[in-house]
$ cat run.pdb   # PDB, C-alpha atoms
ATOM      1  CA  MET I   1     195.115  95.905  75.231
ATOM      2  CA  THR I   2     196.569  99.308  74.760
ATOM      3  CA  GLY I   3     198.818 100.540  72.004
ATOM      4  CA  SER I   4     198.204 100.791  68.256
ATOM      5  CA  HIS I   5     196.540  97.355  67.925
ATOM      6  CA  ALA I   6     194.121  97.950  70.797
ATOM      7  CA  GLU I   7     193.338 101.483  69.674
ATOM      8  CA  GLN I   8     191.741 100.021  66.534
ATOM      9  CA  ARG I   9     189.422  97.752  68.531
ATOM     10  CA  PRO I  10     185.844  98.989  68.933
ATOM     11  CA  GLY I  11     183.916  99.225  72.179
ATOM     12  CA  PRO I  12     184.004 101.104  75.451
ATOM     13  CA  ARG I  13     187.309 101.880  77.134
ATOM     14  CA  VAL I  14     188.302 102.105  80.754
ATOM     15  CA  ARG I  15     191.396 103.722  82.308
ATOM     16  CA  LEU I  16     193.337 101.046  84.161
ATOM     17  CA  PHE I  17     196.441 100.670  86.300
ATOM     18  CA  VAL I  18     198.037  97.977  88.476
ATOM     19  CA  ALA I  19     198.849  99.000  92.041
ATOM     20  CA  VAL I  20     199.511  98.058  95.645
ATOM     21  CA  ASP I  21     197.415  99.440  98.510
ATOM     22  CA  PRO I  22     199.292 100.350 101.708
ATOM     23  CA  PRO I  23     197.742  99.287 105.032
ATOM     24  CA  GLU I  24     195.773 101.840 107.081
ATOM     25  CA  ARG I  25     198.510 102.123 109.739
ATOM     26  CA  VAL I  26     200.992 103.146 107.031
ATOM     27  CA  ARG I  27     198.496 105.719 105.733
ATOM     28  CA  ASP I  28     198.276 107.090 109.300
ATOM     29  CA  LEU I  29     202.051 107.572 109.426
ATOM     30  CA  VAL I  30     202.182 109.279 106.008
ATOM     31  CA  GLU I  31     199.268 111.504 107.038
ATOM     32  CA  ALA I  32     201.186 112.542 110.173
ATOM     33  CA  ALA I  33     204.292 113.350 108.107
ATOM     34  CA  ILE I  34     202.470 115.581 105.599
ATOM     35  CA  GLU I  35     200.172 117.305 108.102
ATOM     36  CA  GLN I  36     202.568 120.247 108.618
ATOM     37  CA  TRP I  37     203.016 120.642 104.856
ATOM     38  CA  ARG I  38     199.275 120.877 104.205
ATOM     39  CA  ARG I  39     199.324 124.134 106.207
ATOM     40  CA  VAL I  40     202.545 125.436 104.649
ATOM     41  CA  LEU I  41     201.533 124.523 101.073
ATOM     42  CA  PRO I  42     197.774 125.214 100.845
ATOM     43  CA  GLU I  43     197.949 125.686  97.057
ATOM     44  CA  VAL I  44     199.015 122.059  96.535
ATOM     45  CA  ARG I  45     196.210 119.764  95.423
ATOM     46  CA  TRP I  46     196.567 117.156  98.168
ATOM     47  CA  ASN I  47     195.282 113.678  97.342
ATOM     48  CA  ALA I  48     192.778 112.062  99.691
ATOM     49  CA  ARG I  49     194.478 109.389 101.801
ATOM     50  CA  GLY I  50     192.107 106.739 100.486
ATOM     51  CA  ASP I  51     193.519 107.358  96.996
ATOM     52  CA  TRP I  52     197.153 106.698  97.956
ATOM     53  CA  HIS I  53     198.537 103.645  96.168
ATOM     54  CA  VAL I  54     201.801 102.414  94.683
ATOM     55  CA  THR I  55     201.380 102.227  90.915
ATOM     56  CA  LEU I  56     203.287  99.292  89.429
ATOM     57  CA  LYS I  57     201.997  99.600  85.874
ATOM     58  CA  PHE I  58     199.879 102.260  84.144
ATOM     59  CA  LEU I  59     197.726 100.828  81.368
ATOM     60  CA  GLY I  60     195.665 103.864  80.363
ATOM     61  CA  ALA I  61     192.582 103.656  78.141
ATOM     62  CA  THR I  62     191.931  99.954  77.593
ATOM     63  CA  PRO I  63     189.054  98.070  75.948
ATOM     64  CA  ALA I  64     186.685  97.035  78.750
ATOM     65  CA  GLY I  65     186.500  93.512  77.309
ATOM     66  CA  ASP I  66     190.227  92.977  77.981
ATOM     67  CA  VAL I  67     189.971  93.210  81.776
ATOM     68  CA  ASP I  68     189.748  89.441  82.396
ATOM     69  CA  ALA I  69     192.688  88.661  80.098
ATOM     70  CA  LEU I  70     194.795  91.380  81.708
ATOM     71  CA  MET I  71     193.994  90.128  85.194
ATOM     72  CA  GLY I  72     194.829  86.565  84.186
ATOM     73  CA  ALA I  73     198.239  87.675  82.910
ATOM     74  CA  ILE I  74     198.889  89.736  86.039
ATOM     75  CA  ALA I  75     197.921  86.858  88.343
ATOM     76  CA  GLY I  76     200.225  84.528  86.444
ATOM     77  CA  ALA I  77     203.110  86.999  86.679
ATOM     78  CA  VAL I  78     202.894  87.372  90.471
ATOM     79  CA  SER I  79     201.896  83.825  91.448
ATOM     80  CA  ASP I  80     205.468  82.658  92.101
ATOM     81  CA  ILE I  81     206.733  85.877  93.722
ATOM     82  CA  ALA I  82     206.971  85.856  97.518
ATOM     83  CA  PRO I  83     205.508  88.761  99.525
ATOM     84  CA  ILE I  84     207.846  91.755  99.615
ATOM     85  CA  PRO I  85     208.696  93.616 102.836
ATOM     86  CA  THR I  86     208.969  97.396 102.532
ATOM     87  CA  ALA I  87     208.334 100.627 104.432
ATOM     88  CA  VAL I  88     207.650 104.256 103.595
ATOM     89  CA  THR I  89     210.867 106.196 104.136
ATOM     90  CA  GLY I  90     210.236 109.902 103.553
ATOM     91  CA  LEU I  91     208.825 112.624 101.319
ATOM     92  CA  GLY I  92     210.081 113.827  97.953
ATOM     93  CA  SER I  93     208.984 115.247  94.629
ATOM     94  CA  PHE I  94     209.120 114.799  90.868
ATOM     95  CA  PRO I  95     210.978 116.011  88.971
ATOM     96  CA  ALA I  96     214.030 115.514  91.161
ATOM     97  CA  ARG I  97     215.414 118.932  90.146
ATOM     98  CA  GLY I  98     213.552 122.146  89.516
ATOM     99  CA  PRO I  99     209.966 123.060  90.372
ATOM    100  CA  ALA I 100     207.887 120.201  91.770
ATOM    101  CA  ARG I 101     204.850 118.773  89.980
ATOM    102  CA  VAL I 102     204.231 115.619  92.041
ATOM    103  CA  LEU I 103     204.710 115.187  95.802
ATOM    104  CA  TRP I 104     205.257 111.666  97.057
ATOM    105  CA  ALA I 105     206.083 109.394  99.965
ATOM    106  CA  GLY I 106     208.793 106.976  98.830
ATOM    107  CA  LEU I 107     209.012 103.268  99.597
ATOM    108  CA  ASP I 108     212.160 101.407 100.601
ATOM    109  CA  ASP I 109     213.209  99.257  97.643
ATOM    110  CA  ARG I 110     216.951  98.955  98.181
ATOM    111  CA  ALA I 111     216.785  95.261  97.245
ATOM    112  CA  GLY I 112     214.921  96.114  94.023
ATOM    113  CA  ARG I 113     212.108  93.632  94.703
ATOM    114  CA  LEU I 114     209.264  96.109  94.102
ATOM    115  CA  ALA I 115     210.938  97.195  90.879
ATOM    116  CA  GLY I 116     211.254  93.503  89.971
ATOM    117  CA  LEU I 117     207.543  92.987  90.664
ATOM    118  CA  SER I 118     206.715  95.892  88.383
ATOM    119  CA  LEU I 119     208.987  94.496  85.646
ATOM    120  CA  ALA I 120     207.396  91.035  85.976
ATOM    121  CA  ILE I 121     203.944  92.559  85.442
ATOM    122  CA  ASP I 122     205.242  94.660  82.562
ATOM    123  CA  GLY I 123     206.720  91.553  80.905
ATOM    124  CA  ALA I 124     203.510  89.552  81.355
ATOM    125  CA  LEU I 125     201.545  92.290  79.575
ATOM    126  CA  LEU I 126     203.793  92.580  76.508
ATOM    127  CA  GLY I 127     201.532  92.644  73.493
ATOM    128  CA  MET I 128     198.612  93.694  75.690
ATOM    129  CA  ALA I 129     199.988  97.046  76.922
ATOM    130  CA  GLU I 130     202.749  99.466  76.048
ATOM    131  CA  PRO I 131     206.033  98.541  77.790
ATOM    132  CA  GLU I 132     207.152 100.785  80.641
ATOM    133  CA  ARG I 133     209.861 103.224  79.596
ATOM    134  CA  ARG I 134     210.361 105.205  82.794
ATOM    135  CA  PRO I 135     212.578 104.093  85.668
ATOM    136  CA  ILE I 136     210.657 102.499  88.522
ATOM    137  CA  HIS I 137     210.535 104.516  91.744
ATOM    138  CA  PRO I 138     207.958 102.990  94.137
ATOM    139  CA  HIS I 139     205.967 105.763  95.841
ATOM    140  CA  LEU I 140     202.583 106.982  97.011
ATOM    141  CA  THR I 141     201.515 110.187  95.241
ATOM    142  CA  VAL I 142     200.269 112.488  98.013
ATOM    143  CA  GLY I 143     199.862 115.768  96.113
ATOM    144  CA  ARG I 144     200.206 117.641  92.835
ATOM    145  CA  CYS I 145     201.365 121.164  91.994
ATOM    146  CA  ASP I 146     199.714 122.904  89.049
ATOM    147  CA  PRO I 147     201.543 124.991  88.089
ATOM    148  CA  ALA I 148     204.833 123.450  89.195
ATOM    149  CA  ARG I 149     206.409 125.216  92.156
ATOM    150  CA  GLY I 150     209.494 125.286  94.321
ATOM    151  CA  LEU I 151     209.210 123.597  97.711
ATOM    152  CA  PRO I 152     210.514 124.652 101.101
ATOM    153  CA  GLU I 153     213.957 123.182 101.743
ATOM    154  CA  GLY I 154     212.776 120.909 104.552
ATOM    155  CA  PHE I 155     210.144 119.067 102.516
ATOM    156  CA  GLY I 156     212.566 116.534 101.037
ATOM    157  CA  GLN I 157     214.087 115.849 104.450
ATOM    158  CA  THR I 158     210.759 114.922 106.045
ATOM    159  CA  LEU I 159     210.911 111.370 107.364
ATOM    160  CA  VAL I 160     207.959 109.044 107.833
ATOM    161  CA  GLU I 161     207.941 106.888 110.957
ATOM    162  CA  ARG I 162     209.162 103.506 109.776
ATOM    163  CA  LEU I 163     206.691 100.641 109.839
ATOM    164  CA  THR I 164     207.564  97.565 107.785
ATOM    165  CA  PHE I 165     204.671  95.964 105.930
ATOM    166  CA  GLU I 166     204.381  93.239 103.324
ATOM    167  CA  VAL I 167     203.238  93.714  99.772
ATOM    168  CA  ASP I 168     201.273  90.476  99.458
ATOM    169  CA  ARG I 169     198.848  91.266  96.626
ATOM    170  CA  VAL I 170     198.431  93.538  93.622
ATOM    171  CA  GLY I 171     195.215  94.998  92.288
ATOM    172  CA  LEU I 172     193.866  96.012  88.904
ATOM    173  CA  TYR I 173     192.180  99.398  89.315
ATOM    174  CA  ARG I 174     189.920 101.540  87.190
ATOM    175  CA  SER I 175     190.209 105.352  87.266
ATOM    176  CA  HIS I 176     186.961 107.302  87.078
ATOM    177  CA  LEU I 177     187.708 110.830  85.860
ATOM    178  CA  GLY I 178     185.621 113.971  85.557
ATOM    179  CA  GLY I 179     183.459 115.932  87.965
ATOM    180  CA  GLY I 180     186.060 116.419  90.687
ATOM    181  CA  PRO I 181     189.035 114.390  91.848
ATOM    182  CA  PRO I 182     189.626 110.979  90.261
ATOM    183  CA  ARG I 183     187.989 107.994  91.932
ATOM    184  CA  TYR I 184     189.677 104.581  91.927
ATOM    185  CA  GLU I 185     187.810 101.284  91.803
ATOM    186  CA  LEU I 186     189.438  97.928  92.542
ATOM    187  CA  LEU I 187     188.342  95.501  89.816
ATOM    188  CA  ALA I 188     190.306  92.408  90.896
ATOM    189  CA  ALA I 189     193.300  91.416  93.024
ATOM    190  CA  ALA I 190     195.940  88.698  92.780
ATOM    191  CA  PRO I 191     198.022  87.396  95.701
ATOM    192  CA  LEU I 192     201.778  87.043  95.787
ATOM    193  CA  GLU I 193     202.456  83.452  96.762
ATOM    194  CA  PRO I 194     205.363  82.375  98.973
ATOM    195  CA  SER I 195     208.010  80.502  97.020
TER     196      SER I 195
END

$ encode --input "run.pdb" --output "structure tokens"
Amino acid sequence: MTGSHAEQRPGPRVRLFVAVDPPERVRDLVEAAIEQWRRVLPEVRWNARGDWHVTLKFLGATPAGDVDALMGAIAGAVSDIAPIPTAVTGLGSFPARGPARVLWAGLDDRAGRLAGLSLAIDGALLGMAEPERRPIHPHLTVGRCDPARGLPEGFGQTLVERLTFEVDRVGLYRSHLGGGPPRYELLAAAPLEPS
């Protein structure tokens, strides 16, 4: 439970987030799309492909003893949501204007179902985690720029070969920080059930 109430609770804390893992074939297609940019932009800190995920909810530093309750709430929130078809569409960056800080591969969510999944999880965790305040833009973070930098004009027009896949489960992940790039550990997963 994050937020002011949870911050007063004693005990060890873990950094948590809720995410979707793309299938390996989708990772292959994203890898192929960014390959040329790895050579053109060597100063970008490119994320390892095994770390690519679609974050649905960032929880941050959370008491370790709350993991089971959080997972129970997440499982309840997604249990009546049918699997969601999507595909990676192309590359982009945040912020949308000005020098880039985050490079991403965006997911097709024209129907708003991934955003709805994120909002369902957010609603289920009210009182246990801070509500999400940013707009939802489903994506895989593939790189970071520090400091922020301008990108070649063609980066945002790079397409990823389209392969539709189903989001059929969500996972609760722990971030391990320090001593190199972050490492992500899946703690538990919950399936989306057909309606």

$ resolve_selection --input "run.pdb" --expression "the PyMOL selection byres ((chain I and resi 78) around 8)" --output "list in words"
Ile74, Ala75, Gly76, Ala77, Ser79, Asp80, Ile81, Leu117, Ala120, Ile121, Ala190, Pro191, Leu192 and Glu193 of chain I

$ write_last_selection --input "run.pdb" --atoms "C-alpha atoms" --output "compact mmCIF listing (two decimals), in the coordinates of the input"
# COMPACT_ATOMS: atom_id res chain seq x y z
CA ILE I 74 198.89 89.74 86.04
CA ALA I 75 197.92 86.86 88.34
CA GLY I 76 200.22 84.53 86.44
CA ALA I 77 203.11 87.00 86.68
CA SER I 79 201.90 83.82 91.45
CA ASP I 80 205.47 82.66 92.10
CA ILE I 81 206.73 85.88 93.72
CA LEU I 117 207.54 92.99 90.66
CA ALA I 120 207.40 91.04 85.98
CA ILE I 121 203.94 92.56 85.44
CA ALA I 190 195.94 88.70 92.78
CA PRO I 191 198.02 87.40 95.70
CA LEU I 192 201.78 87.04 95.79
CA GLU I 193 202.46 83.45 96.76

$ atom_distance --input "run.pdb" --atom1 "CA of Thr86 in chain I" --atom2 "CA of Thr164 in chain I"
5.4 Å

$ closest_atom_pairs --input "run.pdb" --of "range 20-119 of chain I" --to "range 126-132 of chain I" --cutoff "12 Å" --atoms "all atoms listed in the file" --output "CSV"
residue,atom,partner,partner_atom,distance
I:Thr55,CA,I:Glu132,CA,11.9
I:Leu56,CA,I:Glu132,CA,9.7
I:Lys57,CA,I:Glu132,CA,7.4
I:Phe58,CA,I:Glu132,CA,8.2
I:Leu59,CA,I:Ala129,CA,6.3
I:Gly60,CA,I:Ala129,CA,8.8
I:Ala61,CA,I:Ala129,CA,10.0
I:Thr62,CA,I:Ala129,CA,8.6
I:Pro63,CA,I:Met128,CA,10.5
I:Asp66,CA,I:Met128,CA,8.7
I:Val67,CA,I:Met128,CA,10.6
I:Asp68,CA,I:Met128,CA,11.9
I:Ala69,CA,I:Met128,CA,8.9
I:Leu70,CA,I:Met128,CA,7.5
I:Met71,CA,I:Met128,CA,11.2
I:Gly72,CA,I:Met128,CA,11.7
I:Ala73,CA,I:Met128,CA,9.4
I:Ile74,CA,I:Met128,CA,11.1
I:Ala77,CA,I:Leu126,CA,11.6
I:Ala115,CA,I:Glu132,CA,11.5
I:Ser118,CA,I:Glu132,CA,9.2
I:Leu119,CA,I:Glu132,CA,8.2

$ atom_distance --input "run.pdb" --atom1 "CA of Ala105 in chain I" --atom2 "CA of Ala124 in chain I"
27.3 Å

$ atom_distance --input "run.pdb" --atom1 "CA of Gly65 in chain I" --atom2 "CA of Arg174 in chain I"
13.2 Å

$ closest_residue --input "run.pdb" --among "I:Arg25, I:Val44, I:Gly106, I:Ala188" --to "Gly171 in chain I" --atoms "only C-alpha atoms"
I:Ala188

$ resolve_selection --input "run.pdb" --expression "the PyMOL selection byres ((chain I and resi 90) around 6)" --output "count of residues only"
7

$ resolve_selection --input "run.pdb" --expression "the PyMOL selection byres ((chain I and resi 31) around 12)" --output "ChimeraX atom specification"
/I:24-30,32-38,46-50,52,88,90-91,104-105,140,142-143,159-161

$ residues_around --input "run.pdb" --residues "Ala87 in chain I" --least-positions-apart "2" --cutoff "7 Å" --atoms "only C-alpha atoms" --output "short mmCIF file (atom, residue, chain, number, x, y, z; two decimals) with C-alpha atoms, in the coordinates of the input"
data_model
loop_
_atom_site.label_atom_id
_atom_site.label_comp_id
_atom_site.auth_asym_id
_atom_site.auth_seq_id
_atom_site.Cartn_x
_atom_site.Cartn_y
_atom_site.Cartn_z
CA THR I 89 210.87 106.20 104.14
CA LEU I 107 209.01 103.27 99.60
CA ASP I 108 212.16 101.41 100.60
CA ARG I 162 209.16 103.51 109.78
CA LEU I 163 206.69 100.64 109.84
CA THR I 164 207.56 97.56 107.78
CA PHE I 165 204.67 95.96 105.93
#

$ residues_around --input "run.pdb" --residues "range 149-154 of chain I" --least-positions-apart "2" --cutoff "8 Å" --atoms "only C-alpha atoms" --output "list of chain:residue names"
I:Gly98, I:Pro99, I:Ala100, I:Arg101, I:Cys145, I:Asp146, I:Pro147, I:Gly156, I:Gln157, I:Thr158

$ closest_residue --input "run.pdb" --among "I:Phe155, I:Val167, I:Phe94, I:Ala148" --to "Arg113 in chain I" --atoms "only C-alpha atoms"
I:Val167

$ closest_residue --input "run.pdb" --among "I:Gly116, I:Gly123, I:Gly11, I:Gly92" --to "Pro135 in chain I" --atoms "all atoms listed in the file"
I:Gly116

$ axis_aligned_box --input "run.pdb" --around "range 19-28 of chain I" --padding-each-side "5 Å" --output "AutoDock Vina command-line options"
--center_x 198.4 --center_y 102.6 --center_z 100.9 --size_x 15.2 --size_y 19.0 --size_z 27.7
